[in-house]
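Asks: Input structure: coords.txt, which contains compact mmCIF, C-alpha atoms.
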```
# COMPACT_ATOMS: atom_id res chain seq x y z
CA MET A 1376 32.71 -2.12 -31.21
CA LEU A 1377 29.63 -2.40 -29.03
CA LYS A 1378 26.62 -0.33 -30.02
CA CYS A 1379 23.57 0.72 -28.01
CA LYS A 1380 21.64 -2.42 -28.86
CA GLU A 1381 24.28 -4.74 -27.37
CA ILE A 1382 24.91 -2.35 -24.51
CA THR A 1383 21.30 -2.79 -23.33
CA HIS A 1384 21.95 -6.54 -23.00
CA LEU A 1385 25.08 -5.93 -20.96
CA LEU A 1386 23.26 -3.44 -18.75
CA SER A 1387 20.50 -5.93 -18.12
CA GLU A 1388 23.00 -8.69 -17.32
CA ALA A 1389 24.84 -6.35 -14.98
CA GLN A 1390 21.73 -6.63 -12.78
CA ASP A 1391 22.31 -10.37 -12.55
CA ARG A 1392 26.03 -10.97 -12.46
CA GLU A 1393 29.37 -9.25 -12.12
CA LEU A 1394 30.51 -8.27 -15.60
CA SER A 1395 34.00 -9.31 -16.69
CA VAL A 1396 36.77 -6.78 -17.17
CA THR A 1397 36.57 -7.26 -20.91
CA GLU A 1398 32.89 -6.33 -20.77
CA LYS A 1399 33.22 -3.49 -18.29
CA LEU A 1400 35.78 -1.42 -20.13
CA PRO A 1401 33.97 -1.09 -23.47
CA LEU A 1402 30.75 -0.54 -21.52
CA ARG A 1403 32.29 2.36 -19.62
CA MET A 1404 33.66 3.87 -22.81
CA HIS A 1405 30.27 3.64 -24.43
CA LEU A 1406 28.44 5.16 -21.47
CA LEU A 1407 30.80 8.13 -21.45
CA MET A 1408 29.61 9.02 -24.90
CA CYS A 1409 25.98 7.93 -24.84
CA GLN A 1410 23.27 9.70 -22.87
CA GLY A 1411 20.58 7.26 -24.03
CA CYS A 1412 22.42 4.26 -22.60
CA ARG A 1413 23.25 6.16 -19.39
CA ASN A 1414 19.53 6.72 -18.98
CA PHE A 1415 18.85 3.07 -19.77
CA LYS A 1416 21.31 2.08 -17.06
CA LYS A 1417 19.54 4.28 -14.50
CA GLN A 1418 16.20 2.86 -15.55
CA MET A 1419 17.47 -0.68 -14.94
CA ALA A 1420 18.56 0.30 -11.46
CA PHE A 1421 15.20 1.92 -10.84
CA LEU A 1422 13.33 -1.24 -11.90
CA ARG A 1423 15.28 -3.15 -9.28
CA GLU A 1424 14.53 -0.51 -6.67
CA ALA A 1425 10.84 -0.40 -7.52
CA SER A 1426 10.55 -4.20 -7.38
CA ARG A 1427 12.23 -4.36 -3.98
CA SER A 1428 10.11 -1.56 -2.74
CA TYR A 1429 6.95 -3.18 -4.09
CA THR A 1430 7.59 -6.30 -2.07
CA SER A 1431 8.56 -4.51 1.13
CA ASP A 1432 7.78 -0.87 1.94
CA ARG A 1433 4.64 -0.72 -0.06
CA LYS A 1434 2.88 -3.20 2.14
CA ASP A 1435 2.97 -0.65 4.94
CA THR A 1436 0.85 1.84 3.04
CA GLU A 1437 -2.75 2.07 4.10
CA LYS A 1438 -5.44 0.62 1.88
CA MET B 1059 7.69 -16.14 25.94
CA GLY B 1060 4.15 -15.27 26.85
CA SER B 1061 5.09 -11.82 28.13
CA GLU B 1062 2.00 -9.67 28.65
CA THR B 1063 3.84 -6.35 28.68
CA THR B 1064 3.55 -5.62 24.95
CA THR B 1065 0.22 -4.77 23.38
CA PRO B 1066 -0.92 -7.64 21.18
CA PRO B 1067 -1.47 -6.70 17.53
CA THR B 1068 -5.05 -5.98 16.65
CA ILE B 1069 -5.67 -8.48 13.93
CA ASP B 1070 -9.23 -7.52 13.25
CA ASP B 1071 -11.36 -8.35 10.23
CA ALA B 1072 -10.62 -5.11 8.42
CA PHE B 1073 -6.89 -5.66 8.76
CA LEU B 1074 -7.23 -9.23 7.56
CA ALA B 1075 -9.37 -8.26 4.59
CA GLY B 1076 -6.84 -5.63 3.49
CA LEU B 1077 -3.96 -8.01 3.98
CA ARG B 1078 -5.72 -10.73 2.05
CA SER B 1079 -6.39 -8.47 -0.91
CA ASP B 1080 -2.74 -7.29 -1.00
CA MET B 1081 -1.63 -10.91 -0.91
CA LEU B 1082 -4.02 -11.91 -3.65
CA ARG B 1083 -2.76 -9.16 -5.92
CA PHE B 1084 0.81 -10.19 -5.27
CA ALA B 1085 0.11 -13.88 -5.89
CA GLN B 1086 -2.05 -13.24 -8.92
CA LEU B 1087 0.63 -11.08 -10.57
CA GLN B 1088 3.10 -13.91 -10.30
CA LEU B 1089 1.02 -17.01 -10.76
CA ARG B 1090 -1.38 -15.59 -13.34
CA ASP B 1091 -3.93 -18.11 -12.28
CA ALA B 1092 -6.76 -16.93 -10.02
CA ALA B 1093 -7.46 -20.30 -8.44
CA ALA B 1094 -3.80 -21.00 -7.73
CA ALA B 1095 -3.36 -17.51 -6.27
CA GLU B 1096 -6.38 -18.02 -4.05
CA ASP B 1097 -5.00 -21.34 -2.77
CA ALA B 1098 -1.55 -19.92 -2.09
CA VAL B 1099 -2.99 -16.99 -0.15
CA GLN B 1100 -5.30 -19.18 1.86
CA GLU B 1101 -2.54 -21.59 2.83
CA ALA B 1102 -0.17 -18.76 3.71
CA LEU B 1103 -2.76 -17.00 5.87
CA VAL B 1104 -3.74 -20.11 7.75
CA GLY B 1105 -0.12 -21.07 8.25
CA ALA B 1106 0.92 -17.63 9.45
CA LEU B 1107 -2.00 -16.70 11.66
CA SER B 1108 -1.90 -19.93 13.60
CA ASN B 1109 1.00 -18.38 15.50
CA ALA B 1110 0.27 -14.67 15.06
CA LYS B 1111 0.21 -14.12 18.83
CA GLY B 1112 3.98 -14.12 18.85
CA PHE B 1113 4.14 -10.88 16.86
CA ALA B 1114 4.63 -7.38 18.16
CA GLY B 1115 2.65 -5.55 15.50
CA ARG B 1116 0.75 -5.59 12.30
CA SER B 1117 3.70 -4.84 10.05
CA GLU B 1118 5.51 -7.82 11.53
CA VAL B 1119 2.50 -10.03 10.82
CA LYS B 1120 2.44 -8.71 7.29
CA THR B 1121 6.11 -9.42 6.71
CA TRP B 1122 5.74 -12.93 8.08
CA VAL B 1123 2.64 -13.69 6.06
CA PHE B 1124 4.32 -12.49 2.87
CA THR B 1125 7.38 -14.62 3.60
CA ILE B 1126 5.15 -17.67 3.76
CA LEU B 1127 3.25 -16.56 0.68
CA ARG B 1128 6.51 -16.30 -1.26
CA ASN B 1129 7.33 -19.89 -0.39
CA LYS B 1130 3.90 -21.02 -1.52
CA ILE B 1131 4.33 -19.13 -4.78
CA VAL B 1132 7.72 -20.74 -5.35
CA ASP B 1133 6.23 -24.20 -4.74
CA HIS B 1134 3.56 -23.48 -7.27
CA ILE B 1135 5.99 -22.14 -9.88
CA ARG B 1136 8.03 -25.33 -9.52
CA LEU B 1137 4.92 -27.33 -10.30
CA GLN B 1138 3.96 -25.07 -13.21
CA SER B 1139 7.44 -25.27 -14.72
CA ARG B 1140 7.11 -29.03 -15.14
CA THR B 1141 4.23 -28.54 -17.53
CA THR B 1142 5.15 -25.26 -19.27
CA ASN B 1143 7.96 -24.74 -21.71
CA VAL B 1144 9.31 -21.41 -20.52
CA SER B 1145 11.83 -21.11 -23.33
CA SER B 1146 9.32 -21.34 -26.17
CA LEU B 1147 8.56 -17.98 -27.74
CA SER B 1148 4.91 -16.92 -27.62
CA PRO B 1149 3.49 -14.49 -30.20
CA GLU B 1150 3.38 -11.76 -27.53
CA GLU B 1151 7.04 -12.32 -26.77
CA ALA B 1152 7.97 -12.29 -30.43
CA SER B 1153 6.14 -9.00 -30.84
CA LEU B 1154 8.02 -7.48 -27.86
CA ASP B 1155 11.27 -8.49 -29.55
CA GLU B 1156 10.17 -6.89 -32.80
CA ALA B 1157 9.22 -3.73 -30.94
CA PHE B 1158 12.66 -3.71 -29.35
CA ASP B 1159 14.33 -3.96 -32.76
CA THR B 1160 12.47 -0.90 -33.98
CA LEU B 1161 14.11 1.22 -31.26
CA PHE B 1162 17.40 1.08 -33.14
CA GLN B 1163 18.74 2.40 -36.41
CA ASP B 1164 20.61 0.15 -38.83
CA ASN B 1165 23.85 1.03 -37.07
CA ARG B 1166 22.37 -0.30 -33.78
CA HIS B 1167 22.24 3.12 -32.12
CA TRP B 1168 18.98 4.40 -30.61
CA THR B 1169 16.71 6.21 -33.02
CA SER B 1170 16.17 9.79 -31.91
CA GLN B 1171 12.56 9.14 -30.78
CA SER B 1172 13.40 5.99 -28.87
CA ARG B 1173 16.44 7.14 -26.93
CA PRO B 1174 15.71 6.38 -23.26
CA ARG B 1175 14.72 9.54 -21.41
CA ASP B 1176 16.06 10.97 -18.24
CA TRP B 1177 13.52 10.09 -15.54
CA GLY B 1178 14.89 12.70 -13.16
CA SER B 1179 14.55 11.46 -9.60
CA PRO B 1180 12.27 8.48 -10.16
CA GLU B 1181 12.45 7.46 -6.47
CA ALA B 1182 9.80 10.09 -5.74
CA ALA B 1183 7.32 7.95 -7.68
CA LEU B 1184 7.74 5.14 -5.17
CA ARG B 1185 5.79 7.16 -2.64
CA GLN B 1186 2.83 7.69 -4.91
CA GLN B 1187 -0.05 5.24 -4.90
CA ASP B 1188 -0.86 6.00 -8.54
CA PHE B 1189 2.61 4.97 -9.59
CA TRP B 1190 2.03 1.50 -8.15
CA HIS B 1191 -1.13 1.12 -10.20
CA VAL B 1192 0.85 1.85 -13.35
CA PHE B 1193 3.60 -0.51 -12.20
CA GLU B 1194 1.12 -3.32 -11.62
CA ALA B 1195 -0.58 -2.70 -14.95
CA CYS B 1196 2.80 -2.86 -16.71
CA LEU B 1197 3.62 -6.15 -14.99
CA THR B 1198 0.22 -7.54 -15.91
CA HIS B 1199 0.81 -6.66 -19.55
CA LEU B 1200 3.98 -8.74 -19.73
CA PRO B 1201 3.57 -12.11 -21.42
CA ASP B 1202 3.21 -14.91 -18.84
CA ASN B 1203 6.61 -16.53 -19.08
CA THR B 1204 8.42 -13.23 -19.37
CA ALA B 1205 6.66 -12.01 -16.25
CA ARG B 1206 7.32 -15.23 -14.37
CA VAL B 1207 11.07 -15.09 -14.95
CA PHE B 1208 11.23 -11.39 -14.09
CA MET B 1209 9.26 -11.78 -10.90
CA MET B 1210 11.24 -14.78 -9.74
CA ARG B 1211 14.35 -12.70 -10.15
CA GLU B 1212 13.09 -9.39 -8.79
CA PHE B 1213 10.21 -10.19 -6.45
CA LEU B 1214 11.17 -13.56 -5.09
CA GLU B 1215 14.82 -12.54 -5.29
CA PHE B 1216 16.26 -15.70 -6.73
CA GLU B 1217 19.75 -15.43 -8.20
CA THR B 1218 19.63 -15.77 -11.98
CA PRO B 1219 21.24 -19.27 -12.09
CA GLU B 1220 18.60 -20.47 -9.62
CA VAL B 1221 15.80 -19.06 -11.76
CA CYS B 1222 17.15 -20.97 -14.76
CA LYS B 1223 17.49 -24.13 -12.75
CA GLU B 1224 13.97 -23.92 -11.33
CA LEU B 1225 12.46 -23.28 -14.74
CA GLY B 1226 14.69 -25.68 -16.66
CA ILE B 1227 16.10 -23.08 -19.07
CA THR B 1228 19.66 -22.11 -20.00
CA VAL B 1229 21.39 -19.08 -18.52
CA SER B 1230 21.55 -17.37 -21.88
CA ASN B 1231 17.84 -17.92 -22.36
CA CYS B 1232 17.23 -16.51 -18.91
CA ASN B 1233 19.27 -13.42 -19.82
CA VAL B 1234 17.28 -12.93 -22.99
CA ILE B 1235 13.98 -13.19 -21.11
CA LEU B 1236 15.06 -10.82 -18.33
CA HIS B 1237 16.27 -8.29 -20.89
CA ARG B 1238 12.93 -8.55 -22.70
CA ALA B 1239 11.03 -8.04 -19.46
CA ARG B 1240 13.12 -5.10 -18.30
CA ASN B 1241 12.95 -3.36 -21.62
CA ALA B 1242 9.19 -3.84 -21.87
CA LEU B 1243 8.70 -2.57 -18.32
CA ARG B 1244 10.87 0.50 -18.71
CA ARG B 1245 9.03 1.42 -21.91
CA CYS B 1246 5.68 0.86 -20.26
CA LEU B 1247 6.65 3.01 -17.25
CA GLU B 1248 8.03 5.68 -19.53
CA ARG B 1249 4.77 5.85 -21.47
CA GLY B 1250 2.47 5.37 -18.51
CA TRP B 1251 4.22 7.45 -15.89
CA PHE B 1252 7.43 9.29 -16.61
CA ALA B 1253 6.27 10.86 -19.85
CA ALA B 1254 2.56 11.12 -19.25
CA GLY B 1255 1.65 10.44 -15.66
CA GLU B 1256 3.14 13.37 -13.85
CA PRO B 1257 1.17 16.57 -13.71
CA ALA B 1258 2.93 19.53 -15.30
CA CYS B 1259 4.35 22.01 -12.81
```
Spell out the structure here as structure tokens.

Replies:
Amino acid sequence: MLKCKEITHLLSEAQDRELSVTEKLPLRMHLLMCQGCRNFKKQMAFLREASRSYTSDRKDTEK
Amino acid sequence: MGSETTTPPTIDDAFLAGLRSDMLRFAQLQLRDAAAAEDAVQEALVGALSNAKGFAGRSEVKTWVFTILRNKIVDHIRLQSRTTNVSSLSPEEASLDEAFDTLFQDNRHWTSQSRPRDWGSPEAALRQQDFWHVFEACLTHLPDNTARVFMMREFLEFETPEVCKELGITVSNCNVILHRARNALRRCLERGWFAAGEPAC
């Protein structure tokens, strides 16, 4: 069974590719039970958002 | 073409100086080589401004200039990757991996202190100038190769297989490096901003 440590790898890879069904299901089960990994998942999404925003919107700010 | 009805963008010296310093920061973060960053910025500026008259406004100039800069950065990374072994593990990278291991108990669950926190609505940070300083500092602290792979993926928006191909590394190696970068960044942001940076209400 997947534990938090492996889940972080899957959550990182989910930013790069579509996970397979056999990866998604255990991931979902784990996330249901684990607040830490749910937070980790949100943090991954935020890193993507911040990076995109750094290279676009931010350049419109003054000075 | 050549319509005089729109106001031409005022590309004055102050605008250029600001633009140039934004570009330099962007290039420096990714290339980690001051001279190379300087060259890339110079080439991009010259290339872009030679036809700046076709633009409706400053933000359009900025977007265009950064598009060119990205291409210059990519060219440079391709050159760099011929002489650097991206997959070799530096001491800094090894120490990030050790730090990652300490976040977990023997049963591979988070330790109670290391469990990732709830950042609330982190999007609000994106509107704060101070947040971007922390973000840049965190990127700067990443080891060179780790940062390079992360920025190719997230800033230059290459798909992961393309990143691997450009840098001559395997997909699984690429995944390991991206995971290392993301974990280091989230911990750095947590320490530098989400836990400490915000003023108490």

Asks: Rank nothing, just name the residue among A:Ala1420, A:Tyr1429, A:Cys1379, A:Asn1414 nearest to Leu1402 in chain A, using only C-alpha atoms.

Replies: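 Of the candidates, the smallest distance to Leu1402 in chain A is held by A:Cys1379.
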
Asks: Contacts of Leu1127 in chain B at 8 Å or less, counting all atoms listed in the file, minus same-chain residues fewer than 6 places along, as a list in words?

Replies: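 So the residues in contact are Met1081, Ala1085, Ala1098, Val1099, Glu1101, Ala1102 and Leu1103 of chain B.
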
Asks: For C-alpha atoms, I'd like the residues from the last selection saved as a PDB file, in the frame of the given file.

Replies:
```
ATOM      1  CA  MET B1081      -1.630 -10.910  -0.910  1.00  0.00           C
ATOM      2  CA  ALA B1085       0.110 -13.880  -5.890  1.00  0.00           C
ATOM      3  CA  ALA B1098      -1.550 -19.920  -2.090  1.00  0.00           C
ATOM      4  CA  VAL B1099      -2.990 -16.990  -0.150  1.00  0.00           C
ATOM      5  CA  GLU B1101      -2.540 -21.590   2.830  1.00  0.00           C
ATOM      6  CA  ALA B1102      -0.170 -18.760   3.710  1.00  0.00           C
ATOM      7  CA  LEU B1103      -2.760 -17.000   5.870  1.00  0.00           C
TER       8      LEU B1103
END
```

Asks: Could you tell me which residues of chain B sit within 9 Å of chain A when counting all atoms listed in the file, and give me the result as a ChimeraX atom specification?

Replies: /B:1076-1077,1080,1084,1117,1120-1121,1124,1159,1161-1162,1165-1168,1172-1177,1180-1181,1184-1185,1187,1190,1193,1209,1211-1215,1217-1219,1233-1234,1236-1237,1240-1241,1243-1244

Asks: Could you tell me which of B:Asn1231, B:Gln1163, B:Ser1179, B:Thr1204 comes closest to Glu1151 in chain B if we count all atoms listed in the file?

Replies: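 When distances to Glu1151 in chain B are compared using all atoms listed in the file, the smallest one comes from B:Thr1204.
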
Asks: How many Å separate CA of Glu1156 in chain B from CA of Arg1206 in chain B?

Replies: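 That distance, rounded to one decimal, is 20.4 Å.
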
Asks: What's around Gln1138 in chain B at 12 Å? Count all atoms listed in the file, leave out sequence neighbours fewer than 3 positions away in its own chain, and write the answer as a ChimeraX atom specification.

Replies: /B:1088-1091,1094,1131-1135,1141-1144,1202-1203,1206,1224-1226

Asks: Grab the CA of Phe1216 in chain B to CA of Ser1395 in chain A distance for me, in Å with one decimal place.

Replies: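 Value for the CA of Phe1216 in chain B-CA of Ser1395 in chain A distance: 21.3 Å.
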
Asks: Residues around (5.4, 2.8, -16.8), cut-off 10 Å, counting only C-alpha atoms - what are they as a PyMOL selection string?

Replies: chain B and resi 1189-1197+1242-1255

Asks: Would you output that residue set with C-alpha atoms, as a short mmCIF file (atom, residue, chain, number, x, y, z; two decimals), keeping the file's coordinate frame?

Replies:
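Now in out08.cif:
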```cif
data_model
loop_
_atom_site.label_atom_id
_atom_site.label_comp_id
_atom_site.auth_asym_id
_atom_site.auth_seq_id
_atom_site.Cartn_x
_atom_site.Cartn_y
_atom_site.Cartn_z
CA PHE B 1189 2.61 4.97 -9.59
CA TRP B 1190 2.03 1.50 -8.15
CA HIS B 1191 -1.13 1.12 -10.20
CA VAL B 1192 0.85 1.85 -13.35
CA PHE B 1193 3.60 -0.51 -12.20
CA GLU B 1194 1.12 -3.32 -11.62
CA ALA B 1195 -0.58 -2.70 -14.95
CA CYS B 1196 2.80 -2.86 -16.71
CA LEU B 1197 3.62 -6.15 -14.99
CA ALA B 1242 9.19 -3.84 -21.87
CA LEU B 1243 8.70 -2.57 -18.32
CA ARG B 1244 10.87 0.50 -18.71
CA ARG B 1245 9.03 1.42 -21.91
CA CYS B 1246 5.68 0.86 -20.26
CA LEU B 1247 6.65 3.01 -17.25
CA GLU B 1248 8.03 5.68 -19.53
CA ARG B 1249 4.77 5.85 -21.47
CA GLY B 1250 2.47 5.37 -18.51
CA TRP B 1251 4.22 7.45 -15.89
CA PHE B 1252 7.43 9.29 -16.61
CA ALA B 1253 6.27 10.86 -19.85
CA ALA B 1254 2.56 11.12 -19.25
CA GLY B 1255 1.65 10.44 -15.66
#
```

Asks: So which one's closest to Gln1100 in chain B, B:Asp1155, B:Arg1078, B:Arg1083, B:Glu1118? Using only C-alpha atoms, please.

Replies: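 That would be B:Arg1078, the residue with the smallest distance to Gln1100 in chain B.
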
Asks: By how many Å are CA of Ile1235 in chain B and CA of Ala1205 in chain B apart?

Replies: 8.9 Å
